[in-house]
Amino acid sequence: MPISKENRRKYPDNWVTIAFEVKHVRAKRRCEGSPQFPDCRAEDRKPHPETGSLVVLTVAHLDHDPTNNRITNLRAWCQRCHNTYDAEHRAKNTAATRRAKKATGDLFDD
């Protein structure tokens, strides 16, 4: 998944090398399976066997911390596995962002 501008600086300079090691060397260009879909082995750049969408293998941080790049914290996942795993985390962040924007807006209301 694309790295946002604000998170880009949290990744190490050698992130491309780390991601390559996880996706191509360890996972051999296949999804490593997530807790929700442990048997998923969707292949990078091929149609996903369940969804039919083109697989773009990504590297997930299990703890959602882009500064924690220990190999045990990283997984090569297809979009389905990565998005399912991150759904709750993203929902919490979205809600917090909305609350913060609303609070900031209230400061300037007349």
# chains A, B, ... in the order shown; residues from 1 in each chain; ligands from 1
call {"tool": "closest_atom_pairs", "arguments": {"of": "region 62-98 of chain A", "to": "region 25-34 of chain A", "cutoff": "12 Å", "atoms": "only C-alpha atoms", "output": "Markdown table"}}
result
| residue | atom | partner | partner_atom | distance |
| --- | --- | --- | --- | --- |
| A:Leu62 | CA | A:Ser34 | CA | 9.8 |
| A:Ile71 | CA | A:Arg26 | CA | 10.0 |
| A:Thr72 | CA | A:Arg26 | CA | 11.5 |
| A:Leu74 | CA | A:Glu32 | CA | 10.2 |
| A:Arg75 | CA | A:Glu32 | CA | 6.6 |
| A:Ala76 | CA | A:Cys31 | CA | 5.5 |
| A:Trp77 | CA | A:Cys31 | CA | 4.5 |
| A:Cys78 | CA | A:Cys31 | CA | 5.4 |
| A:Gln79 | CA | A:Cys31 | CA | 9.2 |
| A:Arg80 | CA | A:Ser34 | CA | 9.2 |
| A:Cys81 | CA | A:Ser34 | CA | 5.6 |
| A:His82 | CA | A:Ser34 | CA | 7.6 |
| A:Asn83 | CA | A:Ser34 | CA | 10.2 |
| A:Thr84 | CA | A:Ser34 | CA | 8.6 |
| A:Tyr85 | CA | A:Ser34 | CA | 7.2 |
| A:Asp86 | CA | A:Ser34 | CA | 10.7 |
call {"tool": "atom_distance", "arguments": {"atom1": "CA of Lys10 (chain A)", "atom2": "CA of Asn69 (chain A)"}}
result
10.4 Å
call {"tool": "atom_distance", "arguments": {"atom1": "CA of Arg90 (chain A)", "atom2": "CA of Thr58 (chain A)"}}
result
16.4 Å
call {"tool": "atom_distance", "arguments": {"atom1": "CA of Arg45 (chain A)", "atom2": "CA of Val16 (chain A)"}}
result
17.8 Å
call {"tool": "select_by_dssp", "arguments": {"residues": "region 6-108 of chain A", "states": "alpha helix (DSSP H)", "output": "MDAnalysis selection string"}}
result
chainID A and resid 6:8 15:20 79:107
call {"tool": "write_last_selection", "arguments": {"atoms": "N, CA, C and O atoms", "output": "compact mmCIF listing (two decimals), in the first residue's frame"}}
result
# COMPACT_ATOMS: atom_id res chain seq x y z
N GLU A 6 3.21 11.94 5.15
CA GLU A 6 3.58 12.16 6.56
C GLU A 6 4.25 10.93 7.17
O GLU A 6 5.04 11.05 8.09
N ASN A 7 3.96 9.73 6.64
CA ASN A 7 4.59 8.52 7.18
C ASN A 7 5.90 8.17 6.48
O ASN A 7 6.70 7.41 7.02
N ARG A 8 6.14 8.72 5.30
CA ARG A 8 7.34 8.37 4.53
C ARG A 8 8.62 8.54 5.33
O ARG A 8 9.52 7.71 5.28
N TRP A 15 14.23 0.90 3.09
CA TRP A 15 12.93 0.25 3.06
C TRP A 15 12.72 -0.59 1.80
O TRP A 15 12.17 -1.69 1.85
N VAL A 16 13.15 -0.10 0.67
CA VAL A 16 12.98 -0.84 -0.59
C VAL A 16 13.68 -2.19 -0.50
O VAL A 16 13.13 -3.22 -0.91
N THR A 17 14.86 -2.22 0.09
CA THR A 17 15.60 -3.47 0.25
C THR A 17 14.88 -4.40 1.23
O THR A 17 14.76 -5.60 0.98
N ILE A 18 14.41 -3.85 2.33
CA ILE A 18 13.68 -4.65 3.32
C ILE A 18 12.43 -5.25 2.69
O ILE A 18 12.16 -6.45 2.82
N ALA A 19 11.65 -4.43 1.99
CA ALA A 19 10.42 -4.91 1.35
C ALA A 19 10.73 -5.99 0.31
O ALA A 19 10.01 -6.99 0.21
N PHE A 20 11.80 -5.81 -0.44
CA PHE A 20 12.20 -6.82 -1.43
C PHE A 20 12.51 -8.14 -0.74
O PHE A 20 12.07 -9.21 -1.19
N GLN A 79 -3.71 -7.54 -1.20
CA GLN A 79 -4.59 -6.46 -0.74
C GLN A 79 -5.67 -6.96 0.20
O GLN A 79 -6.00 -6.31 1.20
N ARG A 80 -6.25 -8.12 -0.11
CA ARG A 80 -7.34 -8.63 0.72
C ARG A 80 -6.85 -8.87 2.15
O ARG A 80 -7.49 -8.44 3.12
N CYS A 81 -5.71 -9.55 2.29
CA CYS A 81 -5.18 -9.84 3.62
C CYS A 81 -4.78 -8.56 4.35
O CYS A 81 -5.12 -8.36 5.52
N HIS A 82 -4.08 -7.67 3.64
CA HIS A 82 -3.59 -6.44 4.27
C HIS A 82 -4.75 -5.53 4.68
O HIS A 82 -4.81 -5.04 5.81
N ASN A 83 -5.69 -5.32 3.77
CA ASN A 83 -6.82 -4.42 4.09
C ASN A 83 -7.70 -4.98 5.19
O ASN A 83 -8.19 -4.23 6.04
N THR A 84 -7.92 -6.28 5.21
CA THR A 84 -8.74 -6.90 6.26
C THR A 84 -8.05 -6.76 7.61
O THR A 84 -8.67 -6.40 8.61
N TYR A 85 -6.75 -7.02 7.63
CA TYR A 85 -5.98 -6.91 8.87
C TYR A 85 -5.98 -5.48 9.41
O TYR A 85 -6.10 -5.25 10.62
N ASP A 86 -5.86 -4.50 8.51
CA ASP A 86 -5.75 -3.09 8.91
C ASP A 86 -7.09 -2.40 9.13
O ASP A 86 -7.12 -1.25 9.59
N ALA A 87 -8.20 -3.03 8.80
CA ALA A 87 -9.51 -2.35 8.81
C ALA A 87 -9.83 -1.70 10.15
O ALA A 87 -10.22 -0.52 10.20
N GLU A 88 -9.70 -2.40 11.23
CA GLU A 88 -10.04 -1.84 12.55
C GLU A 88 -9.10 -0.68 12.91
O GLU A 88 -9.54 0.36 13.40
N HIS A 89 -7.83 -0.85 12.63
CA HIS A 89 -6.84 0.19 12.90
C HIS A 89 -7.15 1.46 12.10
O HIS A 89 -7.12 2.56 12.64
N ARG A 90 -7.48 1.30 10.83
CA ARG A 90 -7.81 2.45 9.98
C ARG A 90 -9.08 3.14 10.47
O ARG A 90 -9.16 4.37 10.46
N ALA A 91 -10.08 2.37 10.87
CA ALA A 91 -11.33 2.96 11.36
C ALA A 91 -11.08 3.82 12.60
O ALA A 91 -11.63 4.91 12.72
N LYS A 92 -10.25 3.34 13.50
CA LYS A 92 -9.93 4.11 14.71
C LYS A 92 -9.20 5.40 14.34
O LYS A 92 -9.49 6.47 14.88
N ASN A 93 -8.24 5.30 13.41
CA ASN A 93 -7.49 6.50 13.00
C ASN A 93 -8.39 7.50 12.30
O ASN A 93 -8.27 8.71 12.50
N THR A 94 -9.30 7.00 11.46
CA THR A 94 -10.23 7.88 10.74
C THR A 94 -11.11 8.62 11.74
O THR A 94 -11.32 9.83 11.62
N ALA A 95 -11.64 7.91 12.71
CA ALA A 95 -12.50 8.53 13.72
C ALA A 95 -11.73 9.58 14.51
O ALA A 95 -12.24 10.68 14.77
N ALA A 96 -10.51 9.28 14.89
CA ALA A 96 -9.69 10.23 15.65
C ALA A 96 -9.39 11.47 14.81
O ALA A 96 -9.43 12.60 15.32
N THR A 97 -9.11 11.28 13.53
CA THR A 97 -8.84 12.42 12.64
C THR A 97 -10.07 13.30 12.51
O THR A 97 -9.97 14.53 12.56
N ARG A 98 -11.24 12.69 12.36
CA ARG A 98 -12.48 13.47 12.25
C ARG A 98 -12.74 14.27 13.53
O ARG A 98 -13.14 15.43 13.48
N ARG A 99 -12.52 13.63 14.68
CA ARG A 99 -12.72 14.33 15.96
C ARG A 99 -11.76 15.51 16.07
O ARG A 99 -12.15 16.60 16.50
N ALA A 100 -10.51 15.31 15.69
CA ALA A 100 -9.51 16.37 15.77
C ALA A 100 -9.87 17.53 14.85
O ALA A 100 -9.75 18.70 15.23
N LYS A 101 -10.32 17.22 13.64
CA LYS A 101 -10.70 18.28 12.69
C LYS A 101 -11.91 19.05 13.21
O LYS A 101 -11.97 20.27 13.10
N LYS A 102 -12.85 18.33 13.79
CA LYS A 102 -14.05 18.99 14.33
C LYS A 102 -13.65 19.89 15.49
O LYS A 102 -14.13 21.03 15.60
N ALA A 103 -12.78 19.43 16.37
CA ALA A 103 -12.35 20.22 17.52
C ALA A 103 -11.61 21.47 17.05
O ALA A 103 -11.82 22.56 17.60
N THR A 104 -10.77 21.34 16.05
CA THR A 104 -10.05 22.49 15.50
C THR A 104 -11.03 23.47 14.90
O THR A 104 -10.92 24.68 15.10
N GLY A 105 -12.02 22.96 14.17
CA GLY A 105 -13.02 23.83 13.58
C GLY A 105 -13.80 24.60 14.63
O GLY A 105 -14.13 25.78 14.45
N ASP A 106 -14.10 23.96 15.75
CA ASP A 106 -14.84 24.62 16.83
C ASP A 106 -14.07 25.82 17.41
O ASP A 106 -14.68 26.77 17.88
N LEU A 107 -12.76 25.80 17.36
CA LEU A 107 -11.96 26.89 17.88
C LEU A 107 -12.20 28.18 17.10
O LEU A 107 -12.03 29.27 17.64
call {"tool": "decode", "arguments": {"residues": "region 15-46 of chain A", "atoms": "C-alpha atoms", "output": "PDB file, in the first residue's frame"}}
result
ATOM      1  CA  TRP A  15      12.926   0.250   3.059  1.00  0.00           C
ATOM      2  CA  VAL A  16      12.977  -0.841  -0.593  1.00  0.00           C
ATOM      3  CA  THR A  17      15.599  -3.469   0.252  1.00  0.00           C
ATOM      4  CA  ILE A  18      13.682  -4.646   3.325  1.00  0.00           C
ATOM      5  CA  ALA A  19      10.424  -4.910   1.347  1.00  0.00           C
ATOM      6  CA  PHE A  20      12.198  -6.817  -1.433  1.00  0.00           C
ATOM      7  CA  GLU A  21      13.608  -9.303   1.096  1.00  0.00           C
ATOM      8  CA  VAL A  22      10.177  -9.905   2.616  1.00  0.00           C
ATOM      9  CA  LYS A  23       8.174 -10.115  -0.644  1.00  0.00           C
ATOM     10  CA  HIS A  24      10.613 -11.748  -3.042  1.00  0.00           C
ATOM     11  CA  VAL A  25      13.097 -13.718  -0.959  1.00  0.00           C
ATOM     12  CA  ARG A  26      11.112 -14.928   2.054  1.00  0.00           C
ATOM     13  CA  ALA A  27       7.598 -15.049   0.561  1.00  0.00           C
ATOM     14  CA  LYS A  28       8.674 -15.946  -2.974  1.00  0.00           C
ATOM     15  CA  ARG A  29       6.201 -13.388  -4.421  1.00  0.00           C
ATOM     16  CA  ARG A  30       3.166 -14.968  -2.718  1.00  0.00           C
ATOM     17  CA  CYS A  31       0.915 -13.765   0.078  1.00  0.00           C
ATOM     18  CA  GLU A  32       2.006 -15.238   3.399  1.00  0.00           C
ATOM     19  CA  GLY A  33      -1.559 -15.467   4.676  1.00  0.00           C
ATOM     20  CA  SER A  34      -3.093 -13.323   7.409  1.00  0.00           C
ATOM     21  CA  PRO A  35      -4.948 -14.265  10.588  1.00  0.00           C
ATOM     22  CA  GLN A  36      -8.261 -13.922   8.724  1.00  0.00           C
ATOM     23  CA  PHE A  37      -7.051 -15.845   5.646  1.00  0.00           C
ATOM     24  CA  PRO A  38      -4.191 -18.071   6.857  1.00  0.00           C
ATOM     25  CA  ASP A  39      -4.102 -20.224   3.721  1.00  0.00           C
ATOM     26  CA  CYS A  40      -3.940 -17.329   1.253  1.00  0.00           C
ATOM     27  CA  ARG A  41      -1.054 -17.719  -1.168  1.00  0.00           C
ATOM     28  CA  ALA A  42      -2.150 -15.239  -3.831  1.00  0.00           C
ATOM     29  CA  GLU A  43       0.666 -14.604  -6.295  1.00  0.00           C
ATOM     30  CA  ASP A  44       2.021 -11.121  -6.991  1.00  0.00           C
ATOM     31  CA  ARG A  45       0.895  -9.615 -10.335  1.00  0.00           C
ATOM     32  CA  LYS A  46      -1.609 -12.428 -10.984  1.00  0.00           C
TER      33      LYS A  46
END
